[in-house]
>>> print(open('coords_18.txt').read())   # compact mmCIF, C-alpha atoms and all ligand atoms
# COMPACT_ATOMS: atom_id res chain seq x y z
CA MET A 15 48.84 34.28 -141.44
CA ALA A 16 45.84 32.39 -140.04
CA ALA A 17 42.78 34.35 -138.96
CA ARG A 18 43.22 35.45 -135.37
CA HIS A 19 41.02 35.25 -132.36
CA PRO A 20 39.44 38.72 -131.98
CA GLY A 21 41.60 39.27 -128.90
CA GLU A 22 44.80 38.97 -130.90
CA ARG A 23 44.03 41.37 -133.74
CA ASP A 24 45.80 44.29 -132.16
CA GLY A 25 49.08 42.51 -131.59
CA ASN A 26 51.05 42.91 -128.40
CA ASP A 27 52.66 46.28 -127.73
CA ARG A 28 54.19 44.87 -124.57
CA TRP A 29 56.40 42.59 -126.66
CA GLY A 30 56.95 44.74 -129.72
CA GLU A 31 56.37 44.91 -133.44
CA ASP A 32 57.76 41.47 -134.11
CA TRP A 33 54.98 39.90 -132.03
CA PRO A 34 52.80 38.57 -134.91
CA SER A 35 55.69 36.56 -136.33
CA LEU A 36 56.58 35.36 -132.86
CA ARG A 37 52.97 34.29 -132.25
CA ASP A 38 53.18 32.25 -135.45
CA GLN A 39 55.87 30.12 -133.87
CA TRP A 40 53.13 28.31 -131.91
CA ALA A 41 50.54 25.94 -133.34
CA LEU A 42 48.02 27.09 -130.71
CA ASP A 43 44.46 27.33 -132.04
CA PRO A 44 44.02 30.99 -133.01
CA ASP A 45 40.35 30.81 -131.99
CA VAL A 46 41.18 30.08 -128.36
CA ALA A 47 42.85 32.36 -125.81
CA HIS A 48 45.33 30.05 -124.07
CA LEU A 49 45.74 31.79 -120.71
CA ASN A 50 46.80 28.64 -118.89
CA HIS A 51 50.38 28.02 -119.90
CA GLY A 52 51.09 27.02 -116.30
CA SER A 53 49.33 23.67 -116.50
CA PHE A 54 50.80 22.03 -119.58
CA GLY A 55 52.94 24.61 -121.37
CA ALA A 56 52.77 24.90 -125.17
CA VAL A 57 55.37 23.63 -127.64
CA PRO A 58 56.64 26.06 -130.32
CA LEU A 59 56.78 24.81 -133.91
CA PRO A 60 60.61 24.90 -134.24
CA VAL A 61 60.94 22.74 -131.13
CA ARG A 62 58.33 20.31 -132.43
CA ALA A 63 60.10 20.15 -135.80
CA GLY A 64 63.39 19.47 -134.03
CA GLN A 65 61.83 16.67 -132.04
CA GLU A 66 60.31 15.19 -135.20
CA ALA A 67 63.71 15.21 -136.88
CA ILE A 68 65.14 13.30 -133.91
CA ARG A 69 62.24 10.85 -134.11
CA ALA A 70 62.93 10.31 -137.83
CA GLU A 71 66.51 9.35 -136.96
CA LEU A 72 65.24 6.89 -134.36
CA ASP A 73 62.75 5.33 -136.77
CA ALA A 74 65.39 5.00 -139.49
CA ASN A 75 67.53 2.71 -137.35
CA PRO A 76 66.21 1.90 -133.87
CA MET A 77 69.23 -0.29 -133.01
CA ARG A 78 71.78 2.37 -133.89
CA PHE A 79 69.79 5.12 -132.21
CA LEU A 80 68.61 3.39 -129.02
CA ARG A 81 71.47 0.98 -128.39
CA ARG A 82 74.56 2.80 -129.65
CA GLU A 83 73.82 6.51 -129.73
CA LEU A 84 71.26 7.20 -127.02
CA PRO A 85 73.53 7.16 -123.93
CA HIS A 86 75.88 9.77 -125.43
CA ARG A 87 73.11 11.90 -126.86
CA LEU A 88 71.24 11.86 -123.57
CA ALA A 89 74.42 12.76 -121.69
CA ARG A 90 74.90 15.81 -123.95
CA ALA A 91 71.28 16.89 -123.55
CA ARG A 92 71.59 16.36 -119.81
CA GLU A 93 74.59 18.66 -119.63
CA GLU A 94 72.77 21.46 -121.39
CA ALA A 95 69.64 21.02 -119.31
CA ALA A 96 71.66 20.93 -116.09
CA ARG A 97 73.50 24.13 -117.03
CA PHE A 98 70.18 25.86 -117.65
CA CYS A 99 68.99 24.84 -114.18
CA GLY A 100 72.21 25.88 -112.44
CA ALA A 101 73.03 22.27 -111.61
CA ASP A 102 76.15 20.12 -111.79
CA PRO A 103 75.40 17.55 -114.55
CA ARG A 104 76.68 14.82 -112.21
CA GLY A 105 73.66 15.53 -110.02
CA PHE A 106 71.12 15.91 -112.80
CA SER A 107 68.86 13.40 -114.51
CA PHE A 108 65.89 13.69 -116.81
CA LEU A 109 62.52 12.38 -115.71
CA PRO A 110 59.22 12.30 -117.60
CA ASN A 111 57.52 14.65 -115.14
CA ILE A 112 57.59 16.19 -111.70
CA MET A 113 55.39 13.54 -110.12
CA THR A 114 57.79 10.74 -111.09
CA GLY A 115 60.43 12.67 -109.19
CA VAL A 116 58.20 13.20 -106.16
CA ASP A 117 57.43 9.47 -105.97
CA THR A 118 61.13 8.63 -106.48
CA VAL A 119 62.16 10.83 -103.58
CA LEU A 120 59.33 9.66 -101.31
CA ALA A 121 60.44 6.06 -102.00
CA GLY A 122 64.11 6.90 -101.54
CA VAL A 123 64.37 8.76 -98.23
CA GLY A 124 63.66 5.73 -96.06
CA LEU A 125 60.32 6.75 -94.52
CA ARG A 126 59.49 4.71 -91.44
CA ALA A 127 56.56 4.38 -89.05
CA GLY A 128 56.37 7.50 -86.90
CA ASP A 129 58.13 9.75 -89.41
CA GLU A 130 56.48 12.89 -90.72
CA VAL A 131 56.40 14.39 -94.19
CA LEU A 132 56.00 18.16 -94.02
CA LEU A 133 53.91 19.94 -96.65
CA THR A 134 52.39 23.38 -96.97
CA ASP A 135 48.74 24.09 -97.68
CA HIS A 136 49.90 25.24 -101.15
CA ALA A 137 51.37 21.86 -102.13
CA TYR A 138 50.23 20.69 -105.56
CA GLY A 139 47.28 18.30 -105.19
CA ALA A 140 49.05 15.26 -106.63
CA VAL A 141 52.10 15.94 -104.43
CA ARG A 142 49.78 15.77 -101.43
CA LEU A 143 48.27 12.50 -102.70
CA ALA A 144 51.75 11.06 -103.31
CA ALA A 145 52.84 11.97 -99.77
CA HIS A 146 49.73 10.33 -98.32
CA ARG A 147 50.33 7.17 -100.38
CA ALA A 148 53.94 6.93 -99.25
CA CYS A 149 52.87 7.48 -95.64
CA ALA A 150 50.13 4.84 -95.85
CA ARG A 151 52.77 2.38 -97.11
CA THR A 152 55.29 3.11 -94.40
CA GLY A 153 53.34 4.19 -91.33
CA ALA A 154 54.56 7.78 -91.58
CA THR A 155 52.15 10.74 -91.44
CA VAL A 156 51.67 13.97 -93.34
CA ARG A 157 51.87 17.27 -91.44
CA THR A 158 50.62 20.37 -93.25
CA VAL A 159 51.44 23.95 -92.34
CA ALA A 160 49.22 26.83 -93.45
CA LEU A 161 50.88 29.63 -95.42
CA GLY A 162 47.65 31.36 -96.37
CA LEU A 163 47.60 33.77 -99.28
CA ASP A 164 48.69 37.09 -97.85
CA ALA A 165 51.55 36.43 -95.47
CA GLY A 166 54.92 38.12 -96.01
CA ASP A 167 58.12 36.18 -96.65
CA GLU A 168 59.23 36.28 -93.02
CA GLU A 169 55.95 34.84 -91.84
CA ARG A 170 56.04 32.14 -94.53
CA VAL A 171 59.51 31.00 -93.49
CA ASP A 172 58.44 30.96 -89.83
CA SER A 173 55.27 28.99 -90.63
CA VAL A 174 57.23 26.25 -92.40
CA VAL A 175 59.81 26.03 -89.62
CA ALA A 176 57.04 25.87 -87.01
CA GLY A 177 55.87 22.65 -88.67
CA VAL A 178 59.18 20.88 -88.06
CA THR A 179 59.21 18.30 -85.29
CA GLY A 180 61.77 15.73 -84.16
CA ARG A 181 60.03 13.30 -86.50
CA THR A 182 60.18 15.31 -89.72
CA ARG A 183 61.91 13.08 -92.26
CA LEU A 184 61.20 15.08 -95.41
CA ALA A 185 59.80 18.51 -96.26
CA ILE A 186 58.39 19.22 -99.70
CA VAL A 187 58.23 22.92 -100.56
CA ALA A 188 57.23 24.51 -103.85
CA HIS A 189 59.19 27.39 -105.33
CA THR A 190 56.23 28.71 -107.31
CA THR A 191 53.04 27.09 -106.07
CA SER A 192 50.30 25.90 -108.39
CA SER A 193 48.32 28.75 -106.82
CA ALA A 194 50.88 31.03 -108.55
CA LEU A 195 52.60 32.30 -105.37
CA VAL A 196 56.36 32.60 -105.46
CA LEU A 197 57.63 31.43 -102.08
CA PRO A 198 60.92 32.59 -100.46
CA VAL A 199 62.32 29.18 -101.26
CA ALA A 200 66.00 29.96 -100.61
CA ARG A 201 65.21 31.15 -97.10
CA ILE A 202 62.86 28.25 -96.45
CA VAL A 203 65.45 25.69 -97.58
CA ALA A 204 68.18 27.34 -95.48
CA ALA A 205 65.93 27.33 -92.41
CA LEU A 206 64.92 23.69 -92.91
CA ARG A 207 68.54 22.64 -93.41
CA LEU A 208 69.42 24.32 -90.11
CA CYS A 209 66.78 22.10 -88.53
CA GLY A 210 68.43 19.06 -90.13
CA VAL A 211 65.43 18.30 -92.35
CA THR A 212 65.79 16.66 -95.77
CA VAL A 213 64.23 18.99 -98.35
CA LEU A 214 62.67 18.44 -101.75
CA VAL A 215 61.99 21.62 -103.72
CA ASP A 216 59.10 21.34 -106.14
CA ALA A 217 60.39 23.85 -108.66
CA ALA A 218 57.99 22.71 -111.40
CA HIS A 219 57.49 26.30 -112.56
CA ALA A 220 61.02 27.61 -111.94
CA PRO A 221 62.85 26.87 -115.22
CA GLY A 222 62.01 29.73 -117.55
CA THR A 223 60.38 31.96 -114.91
CA THR A 224 63.23 32.49 -112.43
CA ASP A 225 66.98 32.09 -112.19
CA ALA A 226 66.65 28.37 -111.57
CA ASP A 227 69.80 28.04 -109.47
CA ALA A 228 69.20 24.50 -108.34
CA ASP A 229 72.59 23.82 -106.74
CA ALA A 230 72.78 27.22 -105.05
CA LEU A 231 69.57 26.48 -103.15
CA GLY A 232 71.30 23.68 -101.27
CA ALA A 233 68.26 21.42 -101.15
CA ASP A 234 68.65 17.65 -101.08
CA PHE A 235 66.40 17.25 -104.11
CA TRP A 236 65.13 19.72 -106.68
CA LEU A 237 62.58 19.08 -109.43
CA GLY A 238 61.98 21.40 -112.38
CA ALA A 239 59.79 20.97 -115.45
CA PHE A 240 60.89 21.75 -118.99
CA HIS A 241 57.45 21.11 -120.45
CA LYS A 242 56.04 24.17 -118.68
CA TRP A 243 57.82 27.52 -119.07
CA VAL A 244 60.73 26.33 -121.22
CA CYS A 245 58.17 25.14 -123.80
CA ALA A 246 59.90 21.78 -124.27
CA PRO A 247 57.96 18.73 -125.48
CA HIS A 248 55.67 17.11 -122.94
CA GLY A 249 57.21 14.46 -120.73
CA THR A 250 60.34 16.42 -119.82
CA ALA A 251 61.45 17.31 -116.31
CA GLY A 252 64.74 17.34 -114.39
CA LEU A 253 65.75 15.99 -111.01
CA VAL A 254 68.75 17.46 -109.21
CA VAL A 255 70.19 15.38 -106.39
CA ALA A 256 72.70 16.57 -103.76
CA PRO A 257 75.96 14.58 -103.50
CA TYR A 258 74.98 12.75 -100.28
CA TRP A 259 71.94 11.19 -101.93
CA ARG A 260 73.46 10.26 -105.29
CA ALA A 261 74.73 6.88 -104.09
CA ARG A 262 71.44 6.20 -102.32
CA LEU A 263 68.65 7.18 -104.70
CA ARG A 264 67.23 4.54 -107.07
CA PRO A 265 64.91 5.04 -110.04
CA LEU A 266 61.40 3.64 -109.69
CA VAL A 267 61.90 1.57 -112.85
CA THR A 268 64.80 -0.85 -113.19
CA GLY A 269 66.96 -0.58 -116.30
CA TRP A 270 70.19 -2.37 -117.27
CA GLU A 271 72.25 0.44 -115.70
CA ILE A 272 70.63 0.17 -112.27
CA GLY A 273 74.01 -0.70 -110.74
CA GLU A 274 75.83 2.26 -112.32
CA GLY A 275 74.84 4.87 -109.76
CA TYR A 276 73.23 8.26 -110.22
CA PRO A 277 72.60 9.73 -112.77
CA VAL A 278 73.36 6.89 -115.24
CA SER A 279 70.96 4.57 -113.41
CA PHE A 280 68.15 7.06 -114.22
CA ALA A 281 69.06 7.67 -117.87
CA VAL A 282 67.62 4.69 -119.73
CA THR A 283 65.01 2.75 -117.79
CA GLY A 284 63.67 0.43 -120.44
CA THR A 285 62.29 1.39 -123.83
CA VAL A 286 60.57 4.76 -123.82
CA ASP A 287 60.38 7.61 -126.31
CA PRO A 288 63.51 9.68 -125.56
CA THR A 289 62.88 12.32 -128.24
CA GLY A 290 61.32 14.84 -125.86
CA GLN A 291 64.33 14.78 -123.54
CA LEU A 292 66.70 15.02 -126.50
CA ALA A 293 64.77 18.06 -127.71
CA VAL A 294 65.08 19.94 -124.38
CA PRO A 295 68.26 21.74 -125.55
CA LEU A 296 66.35 22.92 -128.61
CA ALA A 297 63.65 24.41 -126.39
CA ILE A 298 66.28 26.05 -124.18
CA ARG A 299 67.97 27.56 -127.23
CA PHE A 300 64.63 28.72 -128.60
CA LEU A 301 63.88 30.51 -125.33
CA GLU A 302 67.39 31.95 -125.18
CA SER A 303 67.04 33.21 -128.77
CA LEU A 304 64.08 35.32 -127.57
CA GLY A 305 66.07 36.51 -124.58
CA THR A 306 65.31 34.62 -121.38
CA ARG A 307 65.13 37.78 -119.28
CA ARG A 308 63.05 39.62 -121.85
CA VAL A 309 60.59 36.71 -121.90
CA ARG A 310 60.39 36.62 -118.14
CA ALA A 311 59.91 40.36 -117.79
CA HIS A 312 57.25 40.36 -120.51
CA ASN A 313 55.36 37.45 -118.99
CA GLN A 314 55.38 38.96 -115.54
CA ARG A 315 54.11 42.33 -116.77
CA LEU A 316 51.42 40.79 -118.95
CA ALA A 317 50.20 38.42 -116.23
CA ALA A 318 49.99 41.36 -113.80
CA TYR A 319 48.05 43.39 -116.37
CA GLY A 320 45.71 40.45 -116.97
CA ALA A 321 44.99 40.10 -113.25
CA GLU A 322 44.35 43.82 -112.98
CA VAL A 323 41.80 44.08 -115.79
CA VAL A 324 40.02 40.82 -115.01
CA SER A 325 39.77 41.39 -111.24
CA GLU A 326 38.52 44.93 -111.81
CA ALA A 327 35.79 43.65 -114.10
CA LEU A 328 34.84 40.98 -111.58
CA GLY A 329 34.75 43.58 -108.80
CA THR A 330 37.39 41.74 -106.76
CA SER A 331 40.49 43.86 -107.24
CA GLY A 332 40.41 44.82 -103.55
CA ASP A 333 40.78 41.13 -102.59
CA ARG A 334 43.76 40.33 -104.78
CA PRO A 335 46.55 38.56 -102.89
CA ARG A 336 49.77 40.54 -102.87
CA GLY A 337 51.91 37.70 -104.22
CA PRO A 338 54.70 37.86 -105.25
CA PHE A 339 53.83 36.43 -108.65
CA HIS A 340 55.84 35.76 -111.78
CA SER A 341 54.31 34.51 -115.02
CA MET A 342 51.05 33.46 -113.37
CA THR A 343 48.70 35.49 -111.21
CA LEU A 344 45.67 34.81 -109.09
CA VAL A 345 42.32 36.57 -109.52
CA PRO A 346 39.71 36.19 -106.76
CA LEU A 347 36.21 35.32 -107.88
CA PRO A 348 33.37 37.17 -106.11
CA ALA A 349 33.20 35.94 -102.53
CA ARG A 350 29.43 35.68 -102.33
CA ALA A 351 29.53 32.42 -104.30
CA ARG A 352 30.99 29.53 -102.30
CA LEU A 353 32.84 27.23 -104.63
CA ASP A 354 34.08 23.68 -104.12
CA THR A 355 36.50 21.82 -106.41
CA PRO A 356 33.92 20.17 -108.69
CA ALA A 357 32.16 23.53 -109.12
CA ALA A 358 35.50 25.21 -109.87
CA LYS A 359 36.31 22.66 -112.57
CA ALA A 360 32.79 23.02 -114.02
CA LEU A 361 33.30 26.78 -114.20
CA GLN A 362 36.70 26.33 -115.85
CA ASP A 363 35.12 24.07 -118.49
CA ARG A 364 32.31 26.54 -119.07
CA ILE A 365 34.71 29.43 -119.57
CA ALA A 366 36.60 27.24 -122.07
CA ALA A 367 33.44 26.18 -123.91
CA GLU A 368 31.57 29.49 -124.00
CA LEU A 369 34.34 32.09 -123.97
CA ALA A 370 36.97 30.11 -125.91
CA THR A 371 39.38 30.98 -123.12
CA GLU A 372 41.53 28.51 -121.17
CA VAL A 373 42.17 29.45 -117.55
CA SER A 374 42.62 27.46 -114.35
CA VAL A 375 39.87 27.76 -111.75
CA THR A 376 40.37 26.35 -108.27
CA ALA A 377 38.61 26.48 -104.91
CA ARG A 378 40.33 27.36 -101.66
CA ASP A 379 38.45 27.55 -98.36
CA GLY A 380 35.18 27.80 -100.22
CA ARG A 381 36.26 30.68 -102.44
CA GLY A 382 36.95 30.48 -106.15
CA TRP A 383 40.21 31.66 -107.76
CA MET A 384 41.12 32.09 -111.39
CA ARG A 385 44.77 31.59 -112.28
CA LEU A 386 45.95 33.51 -115.33
CA SER A 387 49.21 32.71 -117.08
CA ALA A 388 51.13 34.79 -119.61
CA HIS A 389 53.68 33.72 -122.16
CA VAL A 390 55.04 35.50 -125.20
CA TYR A 391 52.30 34.23 -127.53
CA ASN A 392 49.63 35.92 -125.38
CA ALA A 393 48.34 39.42 -126.03
CA PRO A 394 46.80 42.07 -123.73
CA ALA A 395 43.54 41.94 -125.69
CA GLN A 396 42.99 38.32 -124.65
CA TYR A 397 42.71 39.38 -120.99
CA GLU A 398 40.64 42.43 -121.93
CA ARG A 399 38.23 40.17 -123.75
CA LEU A 400 37.93 37.95 -120.67
CA ALA A 401 37.31 41.09 -118.61
CA GLU A 402 34.53 42.13 -120.99
CA ALA A 403 32.91 38.73 -120.39
CA ALA A 404 33.22 39.01 -116.60
CA TRP A 405 29.48 39.67 -116.27
CA GLN A 406 28.89 36.19 -117.72
CA VAL A 407 31.39 34.56 -115.36
CA ARG A 408 29.61 36.22 -112.43
CA ARG A 409 26.29 34.85 -113.65
CA TRP A 410 27.68 31.31 -113.85
CA LEU A 411 28.94 31.35 -110.25
C1 LIG B 1 53.66 23.11 -108.39
C2 LIG B 1 53.48 21.86 -109.21
N1 LIG B 1 54.06 20.73 -108.82
C3 LIG B 1 53.94 19.59 -109.53
C4 LIG B 1 53.19 19.54 -110.70
C5 LIG B 1 53.08 18.26 -111.46
O1 LIG B 1 53.87 18.32 -112.61
P1 LIG B 1 53.88 17.13 -113.68
O2 LIG B 1 52.57 17.16 -114.37
O3 LIG B 1 55.05 17.46 -114.55
O4 LIG B 1 54.11 15.86 -112.94
C6 LIG B 1 52.56 20.71 -111.14
C7 LIG B 1 51.75 20.69 -112.37
O5 LIG B 1 51.09 21.61 -112.77
C8 LIG B 1 52.69 21.89 -110.38
O6 LIG B 1 52.09 23.04 -110.74
>>> encode(input="coords_18.txt", output="structure tokens")
Amino acid sequence: MAARHPGERDGNDRWGEDWPSLRDQWALDPDVAHLNHGSFGAVPLPVRAGQEAIRAELDANPMRFLRRELPHRLARAREEAARFCGADPRGFSFLPNIMTGVDTVLAGVGLRAGDEVLLTDHAYGAVRLAAHRACARTGATVRTVALGLDAGDEERVDSVVAGVTGRTRLAIVAHTTSSALVLPVARIVAALRLCGVTVLVDAAHAPGTTDADADALGADFWLGAFHKWVCAPHGTAGLVVAPYWRARLRPLVTGWEIGEGYPVSFAVTGTVDPTGQLAVPLAIRFLESLGTRRVRAHNQRLAAYGAEVVSEALGTSGDRPRGPFHSMTLVPLPARARLDTPAAKALQDRIAAELATEVSVTARDGRGWMRLSAHVYNAPAQYERLAEAAWQVRRWL
């Protein structure tokens, strides 16, 4: 076994005795504590090997693979991925990422001058930019409702509904926000549907952290990533489309099957590397072999522990938002230091460079926040080590 980062020497009693062999399933640099799974995930070695085997088949005969086999192989992968997300395969298509899906939906709902796109103040930054771009193109406007950090579910549902007007054409709501909050998405979708609003659920973090019951939510559109918590290869996400929209939605890129209707029209849009999508079932099976619920419970407990020790060391445990959180948590940085986004990113880079620890640092209303993720390859000692270095983080603020 490779030499371990000091933080990993003691193993992980929260997972169990088999943790060292489990940790070895990831190629992650043992000298770095990767506490930011939420941004880009991390691909386990068996999944990577499976993808490489698929790529070898492609390279051995591109005509056979791409022309004759790909549609069937993609359809099979799509079925498995849809099942994992609680979606009817007839409503499910792969996409390279969440943002492709957001742009597809923004282009597909027929925005017109005077319309409004409803967002929350926890919308992912690029989602906000995409909404503004679509509005600039069409004459629509963006309306943002504030959810804050500490409201209860009831209040959050009411805040979203209060943002609905007669002009609301589309609402985009995250399930788990990039600020780590888990929103009462089922209640929000139900309330928006009662108002007659078309809803897109940004469930980027849902697959692998929740029961991703896409169809049960009843949203018009649902987007989930496989390259985050399912640990699939990068460039893998899923779009679930409600029956009404299937005949109406078009992919952003035109392929030969554009006239075939959803989801075939989305399956092969020109020549791209399909091996990541084809490897999604391998990632799902890998996760299921560990026990999906066991993984989720572990990650949630470890992330909560991480937030506890780090916030205590920073002296901010009294300011911790109450959540709820799943596999990511949010640690407040000391309030005395006002932080803007460039300063937050500089701090994130400094923590990476000097503490060999990857976290996400963001600024909200002038205050800094550190987002900590936990997956099964993480160990309690990695968070403890960050806590021991809290005095340095405070100095850098
Ligand atoms: C809530 C949320 N939405 C959307 C995205 C964008 O996902 P992608 O990079 O797959 O487009 C992210 C990425 O971190 C996210 O956290």
>>> atom_distance(input="coords_18.txt", atom1="CA of Ile186 (chain A)", atom2="CA of Gly290 (chain A)")
26.7 Å
>>> residues_around(input="coords_18.txt", residues="region 110-122 of chain A", least_positions_apart="3", cutoff="7 Å", atoms="all atoms listed in the file", output="list in words")
Val141, Ala144, Ala148, Ala218, Leu237, Gly238, Ala239, Gly249, Thr250, Ala251, Leu253, Leu263, Arg264, Pro265 and Leu266 of chain A
>>> residues_near_point(input="coords_18.txt", point="(35.3, 44.7, -109.8)", cutoff="12 Å", atoms="all atoms listed in the file", output="short mmCIF file (atom, residue, chain, number, x, y, z; two decimals) with C-alpha atoms, in the frame of the given file")
data_model
loop_
_atom_site.label_atom_id
_atom_site.label_comp_id
_atom_site.auth_asym_id
_atom_site.auth_seq_id
_atom_site.Cartn_x
_atom_site.Cartn_y
_atom_site.Cartn_z
CA ALA A 321 44.99 40.10 -113.25
CA GLU A 322 44.35 43.82 -112.98
CA VAL A 323 41.80 44.08 -115.79
CA VAL A 324 40.02 40.82 -115.01
CA SER A 325 39.77 41.39 -111.24
CA GLU A 326 38.52 44.93 -111.81
CA ALA A 327 35.79 43.65 -114.10
CA LEU A 328 34.84 40.98 -111.58
CA GLY A 329 34.75 43.58 -108.80
CA THR A 330 37.39 41.74 -106.76
CA SER A 331 40.49 43.86 -107.24
CA GLY A 332 40.41 44.82 -103.55
CA ASP A 333 40.78 41.13 -102.59
CA ARG A 334 43.76 40.33 -104.78
CA VAL A 345 42.32 36.57 -109.52
CA PRO A 346 39.71 36.19 -106.76
CA LEU A 347 36.21 35.32 -107.88
CA PRO A 348 33.37 37.17 -106.11
CA ALA A 349 33.20 35.94 -102.53
CA ALA A 401 37.31 41.09 -118.61
CA GLU A 402 34.53 42.13 -120.99
CA ALA A 404 33.22 39.01 -116.60
CA TRP A 405 29.48 39.67 -116.27
CA ARG A 408 29.61 36.22 -112.43
#
>>> atom_distance(input="coords_18.txt", atom1="CA of Ala293 (chain A)", atom2="CA of Leu214 (chain A)")
26.0 Å
>>> closest_residue(input="coords_18.txt", among="A:Val286, A:Ala366, A:Val215, A:Ala297", to="ligand LIG 1 (chain B)", atoms="only C-alpha atoms and all ligand atoms")
A:Val215
>>> residues_around(input="coords_18.txt", residues="Ile298 (chain A)", least_positions_apart="2", cutoff="9 Å", atoms="only C-alpha atoms", output="list in words")
Glu94, Ala95, Phe98, Gly222, Phe240, Val244, Cys245, Ala246, Ala293, Val294, Pro295, Leu296, Phe300, Leu301, Glu302 and Ser303 of chain A
>>> residues_around(input="coords_18.txt", residues="Asp227 (chain A)", least_positions_apart="3", cutoff="12 Å", atoms="only C-alpha atoms", output="list in words")
Ala96, Arg97, Phe98, Cys99, Gly100, Ala101, Asp102, His189, Val199, Ala200, Val215, Ala217, Ala220, Pro221, Gly222, Thr223, Thr224, Ala230, Leu231, Gly232, Ala233, Trp236, Leu237, Gly238 and Val254 of chain A
>>> residues_near_point(input="coords_18.txt", point="(66.2, 14.6, -112.8)", cutoff="6 Å", atoms="all atoms listed in the file", output="PDB file with C-alpha atoms, in the frame of the given file")
ATOM      1  CA  PHE A 106      71.120  15.910-112.800  1.00  0.00           C
ATOM      2  CA  SER A 107      68.860  13.400-114.510  1.00  0.00           C
ATOM      3  CA  PHE A 108      65.890  13.690-116.810  1.00  0.00           C
ATOM      4  CA  LEU A 109      62.520  12.380-115.710  1.00  0.00           C
ATOM      5  CA  GLY A 252      64.740  17.340-114.390  1.00  0.00           C
ATOM      6  CA  LEU A 253      65.750  15.990-111.010  1.00  0.00           C
ATOM      7  CA  VAL A 254      68.750  17.460-109.210  1.00  0.00           C
TER       8      VAL A 254
END
>>> residues_around(input="coords_18.txt", residues="Ala261 (chain A)", least_positions_apart="3", cutoff="10 Å", atoms="only C-alpha atoms", output="list in words")
Val255, Ala256, Pro257, Tyr258, Arg264, Glu274, Gly275, Tyr276 and Pro277 of chain A
>>> atom_distance(input="coords_18.txt", atom1="CA of Arg352 (chain A)", atom2="CA of Tyr319 (chain A)")
26.1 Å
>>> closest_residue(input="coords_18.txt", among="A:Gly180, A:Pro247, A:Pro85, A:Gly166", to="ligand LIG 1 (chain B)", atoms="all atoms listed in the file")
A:Pro247
>>> closest_residue(input="coords_18.txt", among="A:Ala160, A:Leu304, A:Ala311, A:Ala140", to="ligand LIG 1 (chain B)", atoms="only C-alpha atoms and all ligand atoms")
A:Ala140
>>> closest_atom_pairs(input="coords_18.txt", of="region 172-201 of chain A", to="region 40-60 of chain A", cutoff="12 Å", atoms="all atoms listed in the file", output="tab-separated table")
residue	atom	partner	partner_atom	distance
A:Thr190	CA	A:Gly52	CA	10.5
A:Thr191	CA	A:Gly52	CA	10.4
A:Ser192	CA	A:Gly52	CA	8.0
A:Ser193	CA	A:Gly52	CA	10.0
A:Ala194	CA	A:Gly52	CA	8.7
>>> residues_around(input="coords_18.txt", residues="Pro394 (chain A)", least_positions_apart="5", cutoff="8 Å", atoms="all atoms listed in the file", output="PyMOL selection string")
chain A and resi 21+26+28+316+319-320
>>> closest_residue(input="coords_18.txt", among="A:Trp243, A:Phe79, A:Trp259, A:Trp410", to="ligand LIG 1 (chain B)", atoms="all atoms listed in the file")
A:Trp243
>>> closest_residue(input="coords_18.txt", among="A:Ala91, A:Val175, A:Leu195, A:Leu84", to="Tyr138 (chain A)", atoms="all atoms listed in the file")
A:Leu195
>>> closest_residue(input="coords_18.txt", among="A:Thr134, A:Thr355, A:Ser279, A:Thr179", to="ligand LIG 1 (chain B)", atoms="only C-alpha atoms and all ligand atoms")
A:Thr134
>>> decode(input="coords_18.txt", residues="region 378-384 of chain A", atoms="N, CA, C and O atoms", output="short mmCIF file (atom, residue, chain, number, x, y, z; two decimals), in the first residue's frame")
data_model
loop_
_atom_site.label_atom_id
_atom_site.label_comp_id
_atom_site.auth_asym_id
_atom_site.auth_seq_id
_atom_site.Cartn_x
_atom_site.Cartn_y
_atom_site.Cartn_z
N ARG A 378 -20.45 34.68 1.04
CA ARG A 378 -21.90 34.97 0.97
C ARG A 378 -22.16 36.15 1.88
O ARG A 378 -21.85 36.09 3.08
N ASP A 379 -22.69 37.22 1.32
CA ASP A 379 -22.97 38.45 2.08
C ASP A 379 -21.76 38.89 2.89
O ASP A 379 -21.87 39.27 4.06
N GLY A 380 -20.59 38.77 2.28
CA GLY A 380 -19.39 39.29 2.93
C GLY A 380 -18.73 38.32 3.91
O GLY A 380 -17.65 38.59 4.42
N ARG A 381 -19.38 37.20 4.17
CA ARG A 381 -18.81 36.24 5.11
C ARG A 381 -18.26 35.03 4.34
O ARG A 381 -18.80 34.64 3.31
N GLY A 382 -17.21 34.44 4.87
CA GLY A 382 -16.62 33.28 4.22
C GLY A 382 -17.20 31.98 4.78
O GLY A 382 -17.54 31.88 5.96
N TRP A 383 -17.30 30.97 3.91
CA TRP A 383 -17.84 29.65 4.29
C TRP A 383 -16.96 28.58 3.69
O TRP A 383 -16.55 28.68 2.53
N MET A 384 -16.69 27.56 4.48
CA MET A 384 -15.91 26.44 3.98
C MET A 384 -16.85 25.24 3.85
O MET A 384 -17.52 24.85 4.81
#
